[in-house]
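Please read the structure below before turning to the comments.
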Amino acid sequence: MNLHDRLLAIASALDNQPHLHKLGALFDECVLIEAGEDSVYVFFHRGRVEKLVEGPSSRTPWRFALRTDPDALNRFWQQVPEPGFHDIFGLVKIGRAKIEGDVLALVKNLRFFKEFLALGRDGQA
Amino acid sequence: MMSIEPIIGRYLNCELDGLRQRIYFEEAGAGRPVLCLHTAGADSRQWRHILNDEKLAQSHHFIAFDMPWHGKSLPPEGWERCEYLLTTDAYIETVLAVIKGLGLEQPILAGCSMGGRIALQLALRHPGAFSGFIAIEASDFQPAWYDIDWFHRPDAHGGEMGAALVSANIAPQGPSRDRWWTQWMFMQSGPGVFRGDLSFYTRDDSLVGRLGEIDAHSTPIHLLVGDYDLTCTPADAKRTSDAIPGATCAVMKGIGHFPMSENPALFRQHFVEALGRMTRR
């Protein structure tokens with residue numbers, strides 16, 4: 001499954017998570033997720049994904065970006081990820097990802113964004 | 001089914017650095033005293049599983065207290081105009097005051113994260129006051145990989161942001177309820193408290209270069225570290241242990257930065273092993 005399809009499945013799973021609709025109620029932002037050559041702009045609105053736009057695009061503004069590689073993301077999405085691959089900041093710490101842009105916007109919505117991404121773990125999405 | 005836990009909670013009133021403090025402590029069991037220190041941004045509830053352990057309580061007197069500003073311990077009078085910033089000296093004074101106030105005779109000191117750091121500081125500065133040290137997720141120094149000012153802002157909930165950040169240090173293998181209860185304590189911390197703790201934890205490097213002066217041959221020191229801890233990694237703990245003559249270190253697989261809270265059953269095995277190493281010398 002490529003990055004876009006995986007995020008599409010996660011976005012669909014998000015529709016069934018009412019607690020995340022509350023947690024993400026104020027998070028109206030575009031987030032760039034990049035895995036190697038693949039990139040997807042994820043537009044969040046009121047705790048749901050409004051749309052996904054495949055990149056690259058030099059004309060799409062984003063609030064923050066998670067830049068990683070396909071292998072790291074696959075290991076992140078294992079049901080029980082290895083140490084370092086269990087969290088986006090873990091990926092950063094072990095040198096497998098970078099978080100760029102408005103990091104404070106991420107931190108203010110950190111639980112929402114982490115739980116959103118974790119919906120991609122095996123058995124969750 | 002209803003039940004009442006054996007833990008008893010009381011308050012110690014004392015003066016620290018000229019300020020009156022009302023310090024909440026919990027205790028359980030009888031036998032060799034073990035003083036338990038919580039992590040930054042949390043409170044003594046992290047230790048409740050050990051305090052409620054009937055078998056361990058047959059031979060140990062466990063005590064856990066909330067640092068001033070934490071849990072049920074109030075901040076000192078005038079807190080509303082203060083910036084809370086924990087320091088090594090204030091932390092040491094607090095631990096020693098609790099020992100004196102409760103009349104504990106050479107307890108084992110078991111501390112996690114910033115509690116583990118202060119255990120190492122006390123092993124250096126006041127080794128005679130203790131009969132052993134269990135330093136959990138502890139190292140000589142950990143600079144921040146985040147901005148501690150994130151956790152005290154007028155436009156966001158510092159506790160919720162802190163909890164979301166420290167979840168990076170929780171292993172996925174732990175029971176879901178325990179992982180979330182661990183985060184709940186961070187969400188409940190008072191405004192600026194997590195930040196003030198992190199100021200001590202991420203800025204005070206006074207232990208760097210001094211680990212060799214600690215003598216674990218005289219007073220045992222055992223380090224425990226979880227392999228999912230991103231903040232104090234196994235490499236950090238081993239580096240610290242290797243620099244302390246006589247210290248030992250064990251890596252706990254499937255555990256993160258909050259062992260006694262995030263995975264109580266798994267941590268118990270390692271903690272029992274650590275207590276067994278605290279032989280009087």
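In the structure tokens, each chain is lettered A, B, ... as it comes, each chain's residues begin at 1, and ligands are numbered from 1 in order of appearance.
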
Using only C-alpha atoms, which residues of chain A come within 12 Å of chain B, and what is the closest atom pair for each, with the distance in Å to one decimal? Give it as a tab-separated table, sorted by chain and residue number.
residue	atom	partner	partner_atom	distance
A:Leu23	CA	B:Glu160	CA	10.8
A:Leu26	CA	B:Ala156	CA	11.7
A:Phe76	CA	B:Pro172	CA	11.3
A:Trp77	CA	B:Pro172	CA	11.9
A:Gln78	CA	B:Pro172	CA	10.7
A:Gln79	CA	B:Pro172	CA	8.8
A:Val80	CA	B:Pro172	CA	6.3
A:Pro81	CA	B:Pro172	CA	7.5
A:Glu82	CA	B:Tyr228	CA	8.1
A:Pro83	CA	B:Tyr228	CA	4.9
A:Gly84	CA	B:Tyr228	CA	6.9
A:Phe85	CA	B:Tyr228	CA	9.5
A:His86	CA	B:Pro172	CA	7.2
A:Asp87	CA	B:Ala168	CA	5.5
A:Ile88	CA	B:Ala168	CA	7.7
A:Phe89	CA	B:Ala168	CA	6.5
A:Gly90	CA	B:Leu230	CA	6.5
A:Leu91	CA	B:Leu230	CA	10.0
A:Val92	CA	B:Trp145	CA	9.8
A:Lys93	CA	B:Leu230	CA	7.3
A:Ile94	CA	B:Leu230	CA	9.0
A:Ile99	CA	B:Tyr146	CA	11.9
A:Val103	CA	B:Tyr146	CA	9.9
A:Leu104	CA	B:Trp150	CA	7.4
A:Ala105	CA	B:Ala156	CA	10.3
A:Leu106	CA	B:Met161	CA	9.7
A:Val107	CA	B:Met161	CA	6.2
A:Lys108	CA	B:Met161	CA	6.1
A:Asn109	CA	B:Met161	CA	7.7
A:Leu110	CA	B:Ala164	CA	5.8
A:Arg111	CA	B:Ala164	CA	5.1
A:Phe112	CA	B:Ala164	CA	8.8
A:Phe113	CA	B:Ala164	CA	9.7
A:Lys114	CA	B:Ala164	CA	8.2
A:Glu115	CA	B:Ala164	CA	9.8
A:Ala118	CA	B:Pro172	CA	11.1
A:Arg121	CA	B:Pro172	CA	11.5

Within 12 Å of Gly128 (chain B), counting only C-alpha atoms, which residues qualify if same-chain residues fewer than 6 places away don't, as JSON, numbers by chain? {"B": [96, 105, 106, 107, 108, 109, 122, 214, 215, 216, 218, 219, 220, 280, 281]}

Residue neighbourhood region 60-70 of chain A, 6 Å, only C-alpha atoms, exclusion window fewer than 6 positions, as a VMD selection string: chain A and resid 30 to 36 96 to 102

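A straight line drawn from CA of Leu223 (chain B) to CA of His60 (chain B) is 19.6 Å long.
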
If we count only C-alpha atoms, what is near Glu50 (chain A) at a cut-off of 12 Å, once residues fewer than 3 positions away on the same chain are taken out, given as a short mmCIF file (atom, residue, chain, number, x, y, z; two decimals) with C-alpha atoms, in the first residue's frame?
data_model
loop_
_atom_site.label_atom_id
_atom_site.label_comp_id
_atom_site.auth_asym_id
_atom_site.auth_seq_id
_atom_site.Cartn_x
_atom_site.Cartn_y
_atom_site.Cartn_z
CA LEU A 8 -6.67 7.28 3.06
CA ALA A 11 -8.50 9.05 7.39
CA SER A 12 -11.40 6.63 7.03
CA LEU A 14 -10.52 8.58 11.92
CA ASP A 15 -14.18 9.00 11.01
CA PHE A 27 -6.79 21.79 14.37
CA ASP A 28 -7.52 23.26 10.96
CA GLU A 29 -4.18 22.81 9.29
CA CYS A 30 -2.39 21.19 6.40
CA VAL A 31 0.35 18.72 7.31
CA TYR A 41 -0.65 16.89 2.04
CA VAL A 42 -3.18 16.06 4.73
CA PHE A 43 -5.84 18.73 5.26
CA PHE A 44 -7.39 18.48 8.71
CA HIS A 45 -10.68 20.11 9.64
CA ARG A 46 -12.53 19.76 12.93
CA GLY A 47 -10.86 16.52 13.89
CA VAL A 53 -3.47 15.81 -1.96
#

Residues of chain A in helix (DSSP H, G or I) according to DSSP, as an MDAnalysis selection string? chainID A and resid 3:14 18:23 70:76 88:93 103:108 110:118

Could you save those same residues with C-alpha atoms as a compact mmCIF listing (two decimals), in the first residue's frame?
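The file below, out_29.txt, is the result:
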# COMPACT_ATOMS: atom_id res chain seq x y z
CA LEU A 3 1.58 6.37 1.32
CA HIS A 4 -1.56 7.97 -0.11
CA ASP A 5 -3.64 4.81 0.21
CA ARG A 6 -2.38 4.16 3.71
CA LEU A 7 -3.30 7.69 4.78
CA LEU A 8 -6.67 7.28 3.06
CA ALA A 9 -7.34 4.21 5.20
CA ILE A 10 -6.25 6.11 8.30
CA ALA A 11 -8.50 9.05 7.39
CA SER A 12 -11.40 6.63 7.03
CA ALA A 13 -10.59 5.08 10.43
CA LEU A 14 -10.52 8.58 11.92
CA PRO A 18 -15.40 10.54 18.03
CA HIS A 19 -12.94 11.35 20.84
CA LEU A 20 -10.44 12.48 18.21
CA HIS A 21 -13.04 14.72 16.59
CA LYS A 22 -13.12 16.59 19.92
CA LEU A 23 -9.36 16.54 20.44
CA PRO A 70 9.06 4.24 3.71
CA ASP A 71 10.86 1.61 5.79
CA ALA A 72 10.71 3.77 8.92
CA LEU A 73 7.00 4.39 8.42
CA ASN A 74 6.31 0.70 7.87
CA ARG A 75 8.12 -0.12 11.08
CA PHE A 76 6.25 2.69 12.85
CA ILE A 88 7.28 10.21 15.76
CA PHE A 89 9.75 11.80 18.19
CA GLY A 90 11.38 8.39 18.46
CA LEU A 91 11.92 8.42 14.70
CA VAL A 92 13.51 11.84 15.06
CA LYS A 93 15.71 10.69 17.94
CA VAL A 103 6.56 22.48 15.77
CA LEU A 104 4.55 24.30 18.42
CA ALA A 105 1.40 23.78 16.33
CA LEU A 106 2.20 20.09 16.40
CA VAL A 107 2.86 20.06 20.15
CA LYS A 108 -0.41 21.85 20.87
CA LEU A 110 0.21 16.34 19.72
CA ARG A 111 -2.15 13.77 21.18
CA PHE A 112 -4.53 14.19 18.25
CA PHE A 113 -1.81 13.91 15.62
CA LYS A 114 -0.11 10.94 17.28
CA GLU A 115 -3.37 9.05 17.63
CA PHE A 116 -4.25 9.89 14.05
CA LEU A 117 -1.01 8.39 12.75
CA ALA A 118 -1.23 5.40 15.11

Selection: 6 Å around region 193-198 of chain B, only C-alpha atoms, excl. self and same-chain fewer than 5 positions, as a ChimeraX atom specification: /B:40-41,84-86,148,151

Those selected residues, please, written with N, CA and C atoms and delivered as a short mmCIF file (atom, residue, chain, number, x, y, z; two decimals), in the first residue's frame.
data_model
loop_
_atom_site.label_atom_id
_atom_site.label_comp_id
_atom_site.auth_asym_id
_atom_site.auth_seq_id
_atom_site.Cartn_x
_atom_site.Cartn_y
_atom_site.Cartn_z
N ALA B 40 9.48 13.69 37.04
CA ALA B 40 9.04 15.06 36.77
C ALA B 40 7.57 15.06 36.37
N GLY B 41 6.87 16.12 36.73
CA GLY B 41 5.51 16.33 36.23
C GLY B 41 4.48 15.32 36.69
N TYR B 84 8.28 28.50 39.37
CA TYR B 84 8.78 27.26 39.96
C TYR B 84 9.93 26.71 39.11
N LEU B 85 11.09 26.64 39.71
CA LEU B 85 12.26 26.05 39.05
C LEU B 85 12.98 25.18 40.07
N LEU B 86 12.89 23.89 39.92
CA LEU B 86 13.53 22.97 40.85
C LEU B 86 15.05 23.04 40.67
N ILE B 148 11.45 23.31 26.84
CA ILE B 148 10.67 23.14 28.08
C ILE B 148 9.62 24.24 28.24
N PHE B 151 5.70 23.85 27.84
CA PHE B 151 4.80 23.26 28.84
C PHE B 151 4.26 24.25 29.86
#

Choose the residue, out of B:Pro234, B:Pro75, B:Gly192, B:Pro6, that has the smallest atom-to-atom separation from Ile23 (chain B); count only C-alpha atoms. B:Pro75

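The coordinates place CA of Ala28 (chain B) at 9.2 Å from CA of Ile50 (chain B).
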
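As for CA of Ala138 (chain B) and CA of Gly29 (chain B), they are spaced 26.0 Å apart.
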